[in-house]
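File shown: start.tsv. Contents: TSV, C-alpha atoms and all ligand atoms.
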```
chain	number	residue	atom	x	y	z
V	234	MET	CA	-12.46	-10.83	44.64
V	235	GLY	CA	-14.84	-9.20	47.05
V	236	GLN	CA	-17.93	-7.17	46.33
V	237	ARG	CA	-18.00	-4.78	43.40
V	238	LEU	CA	-20.40	-1.91	42.87
V	239	PRO	CA	-22.05	-1.67	39.44
V	240	LEU	CA	-22.07	1.92	38.18
V	241	PHE	CA	-23.21	3.71	35.02
V	242	LEU	CA	-20.73	6.42	34.11
V	243	ASP	CA	-21.52	9.56	32.19
V	244	LEU	CA	-18.32	9.87	30.16
V	245	ARG	CA	-19.45	12.56	27.75
V	246	ASP	CA	-16.48	14.78	26.84
V	247	ARG	CA	-14.41	13.20	29.60
V	248	ARG	CA	-10.87	12.13	28.91
V	249	VAL	CA	-10.41	8.36	28.79
V	250	VAL	CA	-6.99	6.88	28.03
V	251	VAL	CA	-6.75	3.55	26.20
V	252	VAL	CA	-3.30	1.96	26.25
V	253	GLY	CA	-2.81	-0.48	23.38
V	254	ALA	CA	-4.18	-0.47	19.86
V	255	GLY	CA	-5.02	-4.09	19.00
V	256	ALA	CA	-8.41	-5.68	18.41
V	257	VAL	CA	-9.53	-5.42	22.07
V	258	ALA	CA	-8.53	-1.76	22.27
V	259	ALA	CA	-10.36	-1.04	19.00
V	260	ARG	CA	-13.60	-2.61	20.31
V	261	ARG	CA	-13.41	-0.77	23.60
V	262	THR	CA	-12.49	2.52	21.97
V	263	ALA	CA	-15.59	2.23	19.80
V	264	ARG	CA	-17.76	1.65	22.90
V	265	LEU	CA	-16.20	4.61	24.69
V	266	ARG	CA	-16.73	6.88	21.74
V	267	SER	CA	-20.35	5.87	21.41
V	268	ALA	CA	-20.70	6.87	25.09
V	269	GLY	CA	-19.39	10.29	24.09
V	270	ALA	CA	-15.98	10.04	25.80
V	271	TYR	CA	-12.92	11.97	24.63
V	272	VAL	CA	-10.68	9.01	23.82
V	273	VAL	CA	-6.89	9.14	23.81
V	274	VAL	CA	-5.05	6.08	22.51
V	275	VAL	CA	-1.42	5.46	23.46
V	276	ALA	CA	0.31	2.50	21.80
V	277	SER	CA	3.82	1.68	20.68
V	278	SER	CA	2.33	0.31	17.49
V	279	VAL	CA	-1.18	0.75	16.14
V	280	LEU	CA	-2.27	-2.68	14.92
V	281	ALA	CA	-6.00	-2.36	14.35
V	282	ALA	CA	-8.11	0.22	12.57
V	283	ILE	CA	-8.86	2.46	15.50
V	284	GLU	CA	-10.67	5.77	15.72
V	285	ALA	CA	-9.93	8.11	18.61
V	286	ASP	CA	-9.77	11.81	19.42
V	287	GLU	CA	-5.99	11.53	19.88
V	288	ILE	CA	-3.65	8.70	18.88
V	289	HIS	CA	-0.07	8.71	20.22
V	290	GLU	CA	2.14	6.06	18.65
V	291	ARG	CA	4.77	5.66	21.35
V	292	ALA	CA	5.38	3.86	24.64
V	293	PHE	CA	3.07	4.55	27.59
V	294	THR	CA	4.27	6.93	30.29
V	295	PRO	CA	2.45	7.43	33.64
V	296	ALA	CA	1.90	11.12	32.84
V	297	ASP	CA	-0.45	9.99	30.03
V	298	LEU	CA	-3.06	9.48	32.73
V	299	ASP	CA	-2.88	13.05	34.06
V	300	GLY	CA	-6.35	14.53	33.83
V	301	ALA	CA	-7.99	11.24	32.83
V	302	TRP	CA	-11.26	9.98	34.37
V	303	LEU	CA	-10.74	6.39	33.32
V	304	ALA	CA	-7.95	4.22	31.93
V	305	LEU	CA	-8.10	1.00	29.94
V	306	ALA	CA	-5.01	-1.19	29.79
V	307	CYS	CA	-5.47	-3.24	26.63
V	308	THR	CA	-1.97	-4.27	25.55
V	309	ASP	CA	-0.91	-7.91	25.28
V	310	VAL	CA	2.10	-7.24	27.55
V	311	ALA	CA	1.24	-7.89	31.22
V	312	GLU	CA	4.03	-5.60	32.51
V	313	VAL	CA	2.71	-2.65	30.50
V	314	ASN	CA	-0.85	-3.27	31.68
V	315	ALA	CA	0.43	-3.52	35.28
V	316	ALA	CA	2.29	-0.20	34.85
V	317	VAL	CA	-0.89	1.46	33.55
V	318	ALA	CA	-2.86	0.09	36.53
V	319	GLU	CA	-0.20	1.31	38.93
V	320	ALA	CA	-0.03	4.79	37.42
V	321	ALA	CA	-3.83	4.96	37.52
V	322	ARG	CA	-4.01	3.97	41.18
V	323	GLU	CA	-1.45	6.65	42.08
V	324	ARG	CA	-3.67	9.24	40.39
V	325	ARG	CA	-6.95	7.80	41.73
V	326	VAL	CA	-8.09	7.07	38.20
V	327	TRP	CA	-10.20	3.93	37.73
V	328	CYS	CA	-8.46	1.40	35.49
V	329	VAL	CA	-9.80	-1.59	33.53
V	330	ARG	CA	-7.21	-4.28	32.77
V	331	ALA	CA	-8.15	-6.38	29.78
V	332	ASP	CA	-5.68	-9.17	30.50
V	333	ASP	CA	-6.27	-9.98	34.17
V	334	ALA	CA	-9.66	-9.63	35.83
V	335	THR	CA	-8.35	-10.37	39.30
V	336	ALA	CA	-5.72	-7.61	39.04
V	337	SER	CA	-8.22	-5.12	37.65
V	338	ASP	CA	-9.86	-2.53	39.90
V	339	THR	CA	-12.65	-1.97	37.40
V	340	TRP	CA	-14.55	-4.37	35.15
V	341	LEU	CA	-16.27	-3.46	31.96
V	342	PRO	CA	-19.56	-5.38	31.81
V	343	ALA	CA	-20.94	-7.08	28.71
V	344	ALA	CA	-23.60	-4.56	27.73
V	345	ALA	CA	-26.58	-4.21	25.42
V	346	VAL	CA	-29.24	-1.56	24.96
V	347	VAL	CA	-32.88	-2.36	24.18
V	348	ASP	CA	-34.99	0.80	23.89
V	349	GLU	CA	-34.15	2.73	27.07
V	350	VAL	CA	-33.14	-0.38	29.02
V	351	VAL	CA	-29.41	-0.96	29.48
V	352	VAL	CA	-28.32	-4.50	30.28
V	353	ALA	CA	-24.86	-4.81	31.84
V	354	VAL	CA	-23.62	-8.22	32.92
V	355	SER	CA	-20.57	-9.30	34.86
V	356	ALA	CA	-20.09	-12.99	35.60
V	357	GLY	CA	-17.34	-13.37	38.16
V	358	GLY	CA	-14.62	-12.39	35.71
V	359	ASP	CA	-15.75	-14.91	33.03
V	360	PRO	CA	-16.28	-12.73	29.94
V	361	GLY	CA	-17.67	-15.56	27.78
V	362	ARG	CA	-20.40	-16.30	30.31
V	363	ALA	CA	-21.19	-12.60	30.71
V	364	ILE	CA	-21.59	-12.22	26.94
V	365	ALA	CA	-23.83	-15.30	26.71
V	366	LEU	CA	-26.04	-14.00	29.53
V	367	ARG	CA	-26.18	-10.53	28.03
V	368	ASP	CA	-27.24	-11.97	24.68
V	369	ALA	CA	-29.92	-14.11	26.28
V	370	ILE	CA	-31.35	-11.20	28.27
V	371	ALA	CA	-31.21	-8.81	25.32
V	372	ARG	CA	-32.94	-11.36	23.07
V	373	ASP	CA	-35.74	-11.88	25.59
V	374	LEU	CA	-36.17	-8.14	26.03
V	375	ARG	CA	-36.27	-7.60	22.27
V	376	ASP	CA	-38.97	-10.17	21.61
V	377	GLY	CA	-41.04	-9.22	24.65
V	378	THR	CA	-40.40	-12.50	26.57
V	379	LEU	CA	-38.83	-10.44	29.33
V	380	HIS	CA	-40.95	-7.45	30.03
V	381	ALA	CA	-41.86	-4.97	32.74
V	382	ARG	CA	-44.11	-1.95	32.27
V	383	ARG	CA	-42.89	1.51	33.12
V	384	THR	CA	-43.91	2.46	36.63
V	385	ARG	CA	-43.57	6.20	36.20
V	386	LEU	CA	-45.80	8.26	33.94
V	387	ALA	CA	-43.79	10.16	31.36
V	388	ALA	CA	-44.02	13.93	31.79
V	389	GLY	CA	-46.90	14.92	29.52
V	390	GLY	CA	-47.30	11.33	28.30
V	391	ARG	CA	-46.73	10.39	24.70
V	392	VAL	CA	-48.32	8.77	21.69
V	393	VAL	CA	-46.75	6.00	19.62
V	394	LEU	CA	-48.25	5.15	16.26
V	395	VAL	CA	-47.51	1.47	15.74
V	396	GLY	CA	-47.84	-0.14	12.33
V	397	GLY	CA	-49.41	-3.49	13.17
V	398	GLY	CA	-48.94	-5.19	9.78
V	399	PRO	CA	-51.73	-6.92	7.84
V	400	GLY	CA	-53.21	-8.84	10.77
V	401	ASP	CA	-51.04	-11.86	11.57
V	402	PRO	CA	-49.38	-10.97	14.90
V	403	GLY	CA	-46.17	-12.55	13.57
V	404	LEU	CA	-45.92	-9.65	11.13
V	405	LEU	CA	-45.85	-6.99	13.84
V	406	THR	CA	-42.32	-5.68	14.36
V	407	LEU	CA	-40.47	-6.46	17.58
V	408	ARG	CA	-40.33	-2.78	18.43
V	409	GLY	CA	-44.05	-2.42	17.81
V	410	TYR	CA	-44.74	-5.37	20.10
V	411	ARG	CA	-42.58	-3.92	22.88
V	412	GLU	CA	-44.39	-0.59	22.59
V	413	LEU	CA	-47.70	-2.42	22.85
V	414	LEU	CA	-46.64	-4.24	26.01
V	415	SER	CA	-45.55	-0.92	27.54
V	416	ALA	CA	-48.76	0.97	26.80
V	417	ASP	CA	-51.18	2.43	29.34
V	418	VAL	CA	-53.80	2.92	26.63
V	419	VAL	CA	-54.17	1.13	23.28
V	420	VAL	CA	-56.32	2.75	20.59
V	421	VAL	CA	-56.88	0.11	17.97
V	422	ASP	CA	-58.15	-0.23	14.39
V	423	ARG	CA	-60.18	-3.07	12.96
V	424	LEU	CA	-57.39	-4.27	10.67
V	425	ALA	CA	-54.65	-4.24	13.30
V	426	PRO	CA	-53.48	-7.55	14.87
V	427	THR	CA	-56.26	-7.42	17.48
V	428	VAL	CA	-55.58	-10.97	18.67
V	429	LEU	CA	-52.65	-9.55	20.65
V	430	LEU	CA	-54.96	-7.43	22.77
V	431	ASP	CA	-56.09	-10.51	24.69
V	432	GLU	CA	-52.57	-10.94	26.03
V	433	LEU	CA	-52.24	-7.41	27.42
V	434	ASP	CA	-52.27	-6.69	31.14
V	435	GLU	CA	-55.82	-6.27	32.46
V	436	ASP	CA	-55.28	-2.67	33.53
V	437	ILE	CA	-54.35	-1.46	30.04
V	438	GLU	CA	-57.23	0.54	28.62
V	439	VAL	CA	-58.18	-0.66	25.13
V	440	VAL	CA	-60.27	1.65	22.94
V	441	ASP	CA	-61.62	0.14	19.71
V	442	VAL	CA	-62.06	2.82	17.07
V	443	GLY	CA	-62.32	0.19	14.30
V	444	LYS	CA	-63.53	1.44	11.01
V	445	ASP	CA	-65.84	-1.17	9.55
V	446	PRO	CA	-66.18	-0.14	5.88
V	447	ARG	CA	-69.97	-0.47	6.08
V	448	GLY	CA	-70.59	0.52	9.67
V	449	ALA	CA	-70.18	3.43	12.01
V	450	ALA	CA	-66.76	4.21	13.41
V	451	ALA	CA	-65.11	6.90	15.46
V	452	SER	CA	-64.39	10.00	13.38
V	453	GLN	CA	-60.77	10.95	12.76
V	454	ASP	CA	-61.26	14.09	14.84
V	455	ALA	CA	-62.57	12.00	17.74
V	456	ILE	CA	-59.56	9.65	17.45
V	457	ASN	CA	-57.12	12.57	17.38
V	458	ALA	CA	-58.81	14.14	20.41
V	459	LEU	CA	-58.67	10.83	22.32
V	460	LEU	CA	-54.94	10.38	21.64
V	461	VAL	CA	-54.15	13.91	22.77
V	462	GLU	CA	-56.39	13.77	25.83
V	463	ARG	CA	-54.93	10.49	27.15
V	464	ALA	CA	-51.34	11.59	26.49
V	465	GLN	CA	-51.94	14.91	28.24
V	466	ALA	CA	-53.12	12.90	31.23
V	467	GLY	CA	-49.59	11.45	31.33
V	468	LYS	CA	-50.39	8.12	29.64
V	469	VAL	CA	-48.34	6.20	27.10
V	470	VAL	CA	-50.83	5.80	24.27
V	471	VAL	CA	-50.19	3.19	21.59
V	472	ARG	CA	-52.20	3.82	18.44
V	473	LEU	CA	-52.20	0.35	16.91
V	474	LYS	CA	-52.96	0.62	13.22
V	475	GLY	CA	-53.22	-1.87	10.37
V	476	GLY	CA	-50.29	-2.16	7.97
V	477	ASP	CA	-48.01	0.87	7.99
V	478	PRO	CA	-49.33	4.02	9.67
V	479	PHE	CA	-48.31	6.23	6.76
V	480	VAL	CA	-49.71	4.15	3.88
V	481	LEU	CA	-53.34	5.16	3.30
V	482	GLY	CA	-53.73	5.11	7.05
V	483	ARG	CA	-54.14	8.78	8.05
V	484	GLY	CA	-51.19	8.38	10.40
V	485	SER	CA	-49.78	11.73	9.41
V	486	GLU	CA	-53.01	13.44	10.52
V	487	GLU	CA	-52.69	11.83	13.93
V	488	VAL	CA	-49.05	12.92	14.17
V	489	ALA	CA	-50.02	16.48	13.20
V	490	ALA	CA	-52.80	16.57	15.82
V	491	CYS	CA	-50.38	15.42	18.55
V	492	LEU	CA	-47.71	17.93	17.56
V	493	ALA	CA	-50.26	20.75	17.39
V	494	ALA	CA	-51.24	19.93	20.97
V	495	GLY	CA	-47.59	19.76	22.07
V	496	VAL	CA	-47.75	16.00	22.65
V	497	ARG	CA	-44.66	13.90	21.93
V	498	VAL	CA	-45.33	11.40	19.19
V	499	ASP	CA	-43.25	8.57	17.69
V	500	VAL	CA	-44.01	6.35	14.72
V	501	VAL	CA	-43.07	2.68	14.41
V	502	PRO	CA	-43.27	1.57	10.77
V	503	GLY	CA	-45.29	-1.51	9.93
V	504	VAL	CA	-45.48	-4.14	7.20
V	505	THR	CA	-47.96	-2.64	4.75
V	506	SER	CA	-50.66	-4.84	3.26
V	507	ALA	CA	-49.81	-3.22	-0.08
V	508	THR	CA	-46.70	-5.36	-0.33
V	509	ALA	CA	-47.43	-8.12	2.20
V	510	ALA	CA	-50.64	-9.28	0.49
V	511	ALA	CA	-48.83	-9.76	-2.81
V	512	THR	CA	-45.89	-11.54	-1.23
V	513	LEU	CA	-48.16	-13.83	0.80
V	514	ALA	CA	-50.04	-14.71	-2.39
V	515	GLY	CA	-46.78	-15.50	-4.18
V	516	VAL	CA	-47.03	-12.47	-6.48
V	517	PRO	CA	-43.75	-10.57	-6.85
V	518	LEU	CA	-44.54	-6.87	-7.26
V	519	THR	CA	-41.37	-6.45	-9.28
V	520	GLU	CA	-39.69	-9.08	-11.41
V	521	ARG	CA	-36.61	-8.87	-13.55
V	522	GLY	CA	-37.60	-8.43	-17.15
V	523	THR	CA	-41.32	-8.06	-16.33
V	524	ALA	CA	-41.88	-5.12	-13.98
V	525	GLN	CA	-39.41	-2.68	-12.52
V	526	GLU	CA	-41.92	-0.52	-10.69
V	527	PHE	CA	-45.20	-0.69	-8.83
V	528	THR	CA	-47.76	1.91	-7.91
V	529	VAL	CA	-49.99	1.78	-4.84
V	530	ALA	CA	-53.32	3.55	-5.21
V	531	SER	CA	-56.51	3.88	-3.23
V	532	GLY	CA	-59.73	2.78	-4.87
V	533	HIS	CA	-62.01	3.99	-2.10
V	534	VAL	CA	-63.76	6.31	-4.54
V	535	PRO	CA	-64.33	5.48	-8.24
V	536	PRO	CA	-62.57	7.17	-11.17
V	537	GLY	CA	-64.28	10.44	-12.00
V	538	ASP	CA	-65.35	11.05	-8.41
V	539	PRO	CA	-64.38	14.60	-7.45
V	540	ARG	CA	-62.79	13.23	-4.24
V	541	SER	CA	-60.35	11.05	-6.22
V	542	THR	CA	-56.85	12.41	-6.83
V	543	VAL	CA	-55.70	9.22	-8.57
V	544	ASP	CA	-54.71	9.71	-12.21
V	545	TRP	CA	-56.37	6.57	-13.61
V	546	ARG	CA	-55.56	7.61	-17.16
V	547	ARG	CA	-51.84	7.60	-16.39
V	548	LEU	CA	-52.11	4.27	-14.53
V	549	GLY	CA	-53.97	2.74	-17.51
V	550	ALA	CA	-51.32	3.92	-19.93
V	551	THR	CA	-48.45	1.95	-18.34
V	552	ASP	CA	-47.59	-1.73	-18.10
V	553	SER	CA	-46.20	-1.48	-14.58
V	554	THR	CA	-47.65	-3.26	-11.56
V	555	LEU	CA	-50.66	-1.59	-9.96
V	556	VAL	CA	-51.63	-2.33	-6.35
V	557	LEU	CA	-55.08	-1.22	-5.22
V	558	LEU	CA	-56.25	-0.85	-1.64
V	559	MET	CA	-59.81	-0.20	-0.50
V	560	ALA	CA	-61.01	-0.94	-4.04
V	561	VAL	CA	-63.48	-3.84	-3.68
V	562	ALA	CA	-66.60	-1.70	-4.08
V	563	ASN	CA	-65.27	0.08	-7.17
V	564	LEU	CA	-63.58	-2.67	-9.16
V	565	ARG	CA	-65.89	-2.44	-12.19
V	566	ALA	CA	-65.43	1.31	-12.61
V	567	ILE	CA	-61.68	1.07	-12.04
V	568	ALA	CA	-61.18	-1.77	-14.54
V	569	THR	CA	-63.24	0.11	-17.14
V	570	ALA	CA	-61.21	3.28	-16.65
V	571	LEU	CA	-57.90	1.41	-16.95
V	572	VAL	CA	-58.94	-0.38	-20.16
V	573	GLU	CA	-60.25	2.86	-21.64
V	574	ALA	CA	-56.90	4.45	-20.88
V	575	GLY	CA	-55.08	1.74	-22.87
V	576	ARG	CA	-54.40	-1.10	-20.45
V	577	ASP	CA	-54.84	-4.51	-22.11
V	578	ALA	CA	-58.08	-6.13	-20.90
V	579	SER	CA	-56.30	-9.49	-20.67
V	580	THR	CA	-53.73	-8.15	-18.16
V	581	PRO	CA	-53.39	-10.67	-15.31
V	582	ALA	CA	-54.82	-9.66	-11.93
V	583	ALA	CA	-54.95	-11.16	-8.44
V	584	ILE	CA	-57.23	-10.40	-5.51
V	585	VAL	CA	-55.86	-11.16	-2.04
V	586	ALA	CA	-58.49	-11.00	0.70
V	587	ASN	CA	-57.70	-11.22	4.43
V	588	ALA	CA	-53.99	-11.48	3.67
V	589	SER	CA	-51.95	-13.19	6.40
V	590	MET	CA	-55.10	-14.30	8.24
V	591	PRO	CA	-56.27	-17.91	8.57
V	592	ASP	CA	-59.04	-17.15	6.04
V	593	GLN	CA	-56.73	-15.60	3.43
V	594	ARG	CA	-58.07	-16.10	-0.11
V	595	VAL	CA	-56.42	-15.49	-3.46
V	596	VAL	CA	-58.40	-15.14	-6.69
V	597	ARG	CA	-56.46	-15.10	-9.95
V	598	THR	CA	-58.20	-13.36	-12.81
V	599	THR	CA	-57.72	-10.74	-15.53
V	600	LEU	CA	-58.51	-7.06	-15.72
V	601	GLN	CA	-61.67	-7.65	-17.78
V	602	SER	CA	-62.97	-10.36	-15.41
V	603	LEU	CA	-61.83	-8.67	-12.20
V	604	ALA	CA	-65.15	-7.23	-11.01
V	605	GLY	CA	-67.22	-10.25	-12.08
V	606	ASP	CA	-64.86	-12.73	-10.43
V	607	ALA	CA	-64.76	-10.67	-7.22
V	608	GLU	CA	-68.57	-10.70	-7.10
V	609	ARG	CA	-68.83	-14.39	-7.94
V	610	GLU	CA	-66.24	-15.26	-5.27
V	611	LYS	CA	-68.03	-12.95	-2.79
V	612	ILE	CA	-64.85	-11.02	-2.05
V	613	GLU	CA	-65.26	-8.63	0.86
V	614	PRO	CA	-62.85	-6.09	2.29
V	615	PRO	CA	-60.12	-6.13	3.33
V	616	ALA	CA	-58.58	-7.05	0.02
V	617	VAL	CA	-55.62	-5.97	-2.05
V	618	VAL	CA	-55.82	-6.13	-5.85
V	619	ILE	CA	-52.72	-6.54	-7.98
V	620	ILE	CA	-52.89	-5.81	-11.69
V	621	GLY	CA	-49.98	-6.51	-14.02
V	622	ALA	CA	-47.97	-9.22	-15.74
V	623	VAL	CA	-46.48	-10.27	-12.38
V	624	ALA	CA	-49.95	-11.56	-11.35
V	625	GLU	CA	-49.84	-14.26	-14.05
V	626	SER	CA	-50.59	-17.54	-12.26
V	701	LIG	C1	-57.41	2.16	5.34
V	701	LIG	S1	-56.39	1.12	4.39
V	701	LIG	C2	-55.06	0.91	5.49
V	701	LIG	C3	-53.83	0.38	4.85
V	701	LIG	C4	-52.73	0.11	5.86
V	701	LIG	N1	-52.23	1.34	6.43
V	701	LIG	C5	-51.56	-0.68	5.27
V	701	LIG	O1	-50.45	-0.17	5.17
V	701	LIG	O2	-51.79	-1.86	4.95
V	701	LIG	C6	-57.28	-0.37	4.48
V	701	LIG	C7	-57.05	-1.26	3.25
V	701	LIG	O3	-55.81	-1.95	3.40
V	701	LIG	C8	-55.93	-3.21	2.77
V	701	LIG	N2	-55.68	-4.25	3.78
V	701	LIG	C9	-55.35	-4.08	5.07
V	701	LIG	N3	-55.16	-5.26	5.68
V	701	LIG	C10	-55.39	-6.20	4.74
V	701	LIG	C11	-55.35	-7.63	4.76
V	701	LIG	N4	-55.03	-8.31	5.84
V	701	LIG	N5	-55.63	-8.27	3.60
V	701	LIG	C12	-55.94	-7.60	2.48
V	701	LIG	N6	-56.00	-6.26	2.43
V	701	LIG	C13	-55.72	-5.57	3.54
V	701	LIG	C14	-57.33	-3.31	2.19
V	701	LIG	O4	-57.27	-2.85	0.87
V	701	LIG	C15	-58.06	-2.35	3.08
V	701	LIG	O5	-59.25	-1.89	2.46
```
Rewrite the structure of this file - the entire thing - as structure tokens.
Amino acid sequence: MGQRLPLFLDLRDRRVVVVGAGAVAARRTARLRSAGAYVVVVASSVLAAIEADEIHERAFTPADLDGAWLALACTDVAEVNAAVAEAARERRVWCVRADDATASDTWLPAAAVVDEVVVAVSAGGDPGRAIALRDAIARDLRDGTLHARRTRLAAGGRVVLVGGGPGDPGLLTLRGYRELLSADVVVVDRLAPTVLLDELDEDIEVVDVGKDPRGAAASQDAINALLVERAQAGKVVVRLKGGDPFVLGRGSEEVAACLAAGVRVDVVPGVTSATAAATLAGVPLTERGTAQEFTVASGHVPPGDPRSTVDWRRLGATDSTLVLLMAVANLRAIATALVEAGRDASTPAAIVANASMPDQRVVRTTLQSLAGDAEREKIEPPAVVIIGAVAES
């Protein structure tokens, strides 16, 4: 078969002729169209659902290849495929024959895309083996098993906000993990899955801006400035945050700071503790017949505090599920406000501390006993509090 040269073709707006309209032609037409090609299908009968820029339901003629950049012979009649290959050769158009690898001048590799990496595999004309290898490589790239850092600094660098989930590294998304492995700089929060940092390459700079609720931490302005400064130095900066970056996480402020400085910024969503803590504790936030809605609110300042924009009166007046973050220090004031606003004092409640971590703890209680039980059980942040009938043990 001789040596073959792998190539990546830019087919955007280029005419590609597919002869045949069965299942193989339909799959290949879809691939060509996603590569931006102008696809012309010629087939004596159109068997499969096929989408193309032009469909001609008639027999192939050599002139169909005039002006084409590429031809694909995908009929189940060897003579027709051979005629397409012959007409293509006469016109110096590359032709892929689906029926006979040895007679085909061009092979279409089994391909997959993971982020900006394109995997294209050819296995000596054995398509089944090529597909199996492609799948294995793509799987290993997706889960980070197969990994190589970028060797060129991106022009101007960039920032990626990665939602790290509630703390268990297993709850970080695959995309978030790949971004982490590709970072030059990681700027990390206290509640992010910090255990993963030990596995990073030694030359990755790790900056801990962890906000201990009782201790000093980097100010948001200092964090924003750090992200911008490192990205402007051409670095890929991963901002690894707890939960989801946009749920009570000030992620939008970091995005705004990057954009204001002209720095490219992407956001990878994360598993928020607001839902994960409940699920890990076996509390369904919604349940047929019990609760059809849930509200997530911050309890970092008590009801009545001028900094609070939470409408505790409205939250106390409903029976729906209430999920509180950052509320440990203010549980007594919050419970009082909810009961005053009409919520039944015997409403079930659950406190989930250190959700997803080896020291996860769940305390089942009621609204009226919430603060006392949290004190007695020495609950410390981070904890999520769920109030509502769904928290019934
Ligand atoms: C500043 S907020 C960040 C929330 C985060 N963006 C998210 O989506 O989970 C911090 C609060 O999230 C909650 N939290 C985060 N991780 C937690 C965990 N592993 N267990 C319980 N609560 C957690 C606690 O209420 C904590 O005070």
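Around V:Glu284, within 8 Å and counting all atoms listed in the file, the residues found are Ala259, Thr262, Ala263, Ala282 and Asp286 of chain V, once anything fewer than 2 positions away on its own chain is removed.
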Convert the current residue selection to file output with C-alpha atoms, as a PDB file, keeping the file's coordinate frame.
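Saved as part00.pdb:
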```
ATOM      1  CA  ALA V 259     -10.360  -1.040  19.000  1.00  0.00           C
ATOM      2  CA  THR V 262     -12.490   2.520  21.970  1.00  0.00           C
ATOM      3  CA  ALA V 263     -15.590   2.230  19.800  1.00  0.00           C
ATOM      4  CA  ALA V 282      -8.110   0.220  12.570  1.00  0.00           C
ATOM      5  CA  ASP V 286      -9.770  11.810  19.420  1.00  0.00           C
TER       6      ASP V 286
END
```
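The interatomic distance for the pair atom CA of V:Thr598 and atom CA of V:Ala583 works out to 5.9 Å.
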List the spatial neighbours of stretch 617-623 of chain V as a ChimeraX atom specification - criterion: any atom at most 7 Å away, all atoms listed in the file, same-chain residues fewer than 4 positions off excluded.
/V:507,510,516-518,520,523,552-558,580-586
Write a file of the just-selected residues containing C-alpha atoms, as a CSV table (one decimal), in the coordinates of the input.
```
chain,number,residue,atom,x,y,z
V,507,ALA,CA,-49.8,-3.2,-0.1
V,510,ALA,CA,-50.6,-9.3,0.5
V,516,VAL,CA,-47.0,-12.5,-6.5
V,517,PRO,CA,-43.8,-10.6,-6.8
V,518,LEU,CA,-44.5,-6.9,-7.3
V,520,GLU,CA,-39.7,-9.1,-11.4
V,523,THR,CA,-41.3,-8.1,-16.3
V,552,ASP,CA,-47.6,-1.7,-18.1
V,553,SER,CA,-46.2,-1.5,-14.6
V,554,THR,CA,-47.6,-3.3,-11.6
V,555,LEU,CA,-50.7,-1.6,-10.0
V,556,VAL,CA,-51.6,-2.3,-6.4
V,557,LEU,CA,-55.1,-1.2,-5.2
V,558,LEU,CA,-56.2,-0.8,-1.6
V,580,THR,CA,-53.7,-8.2,-18.2
V,581,PRO,CA,-53.4,-10.7,-15.3
V,582,ALA,CA,-54.8,-9.7,-11.9
V,583,ALA,CA,-55.0,-11.2,-8.4
V,584,ILE,CA,-57.2,-10.4,-5.5
V,585,VAL,CA,-55.9,-11.2,-2.0
V,586,ALA,CA,-58.5,-11.0,0.7
```
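With all atoms listed in the file as the atoms that count, the residue of V:Leu603, V:Leu481, V:Ala578, V:Leu564 with the shortest distance to ligand LIG 701 (chain V) is V:Leu481.
The two atoms in question, atom CA of V:Val442 and atom CA of V:Val418, are spaced 12.6 Å apart.
Of the residues under consideration (V:Ala570, V:Ala304, V:Ala344, V:Ala296), V:Ala304 shows the shortest atom-to-atom contact distance to V:Ala270 when counting all atoms listed in the file.
Put simply, atom CA of V:Arg423 is 21.8 Å away from atom CA of V:Thr512.
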Have a look at V:Ala256, V:Ala316, V:Val279, V:Leu459 and name the one nearest to V:Arg330; count only C-alpha atoms.
V:Ala316
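Minimum distance to V:Ala353 across V:Gly253, V:Val275, V:Arg266, V:Pro239 (counting all atoms listed in the file) occurs at V:Pro239.
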What are the closest atom pairs, with distances in Å to one decimal, for all residues of stretch 393-418 of chain V lying within 12 Å of stretch 488-492 of chain V? Consider only C-alpha atoms, order rows by chain and residue number, and present the result as CSV.
```
residue,atom,partner,partner_atom,distance
V:Val393,CA,V:Val488,CA,9.1
V:Leu394,CA,V:Val488,CA,8.1
V:Val395,CA,V:Val488,CA,11.7
```
Keeping C-alpha atoms, export the residues of the selection given above as a PDB file, keeping the file's coordinate frame.
```
ATOM      1  CA  VAL V 393     -46.750   6.000  19.620  1.00  0.00           C
ATOM      2  CA  LEU V 394     -48.250   5.150  16.260  1.00  0.00           C
ATOM      3  CA  VAL V 395     -47.510   1.470  15.740  1.00  0.00           C
TER       4      VAL V 395
END
```
Given all atoms listed in the file as the basis, pick out the residue of V:Leu265, V:Val421, V:Leu298, V:Ala562 nearest to V:Leu473.
V:Val421
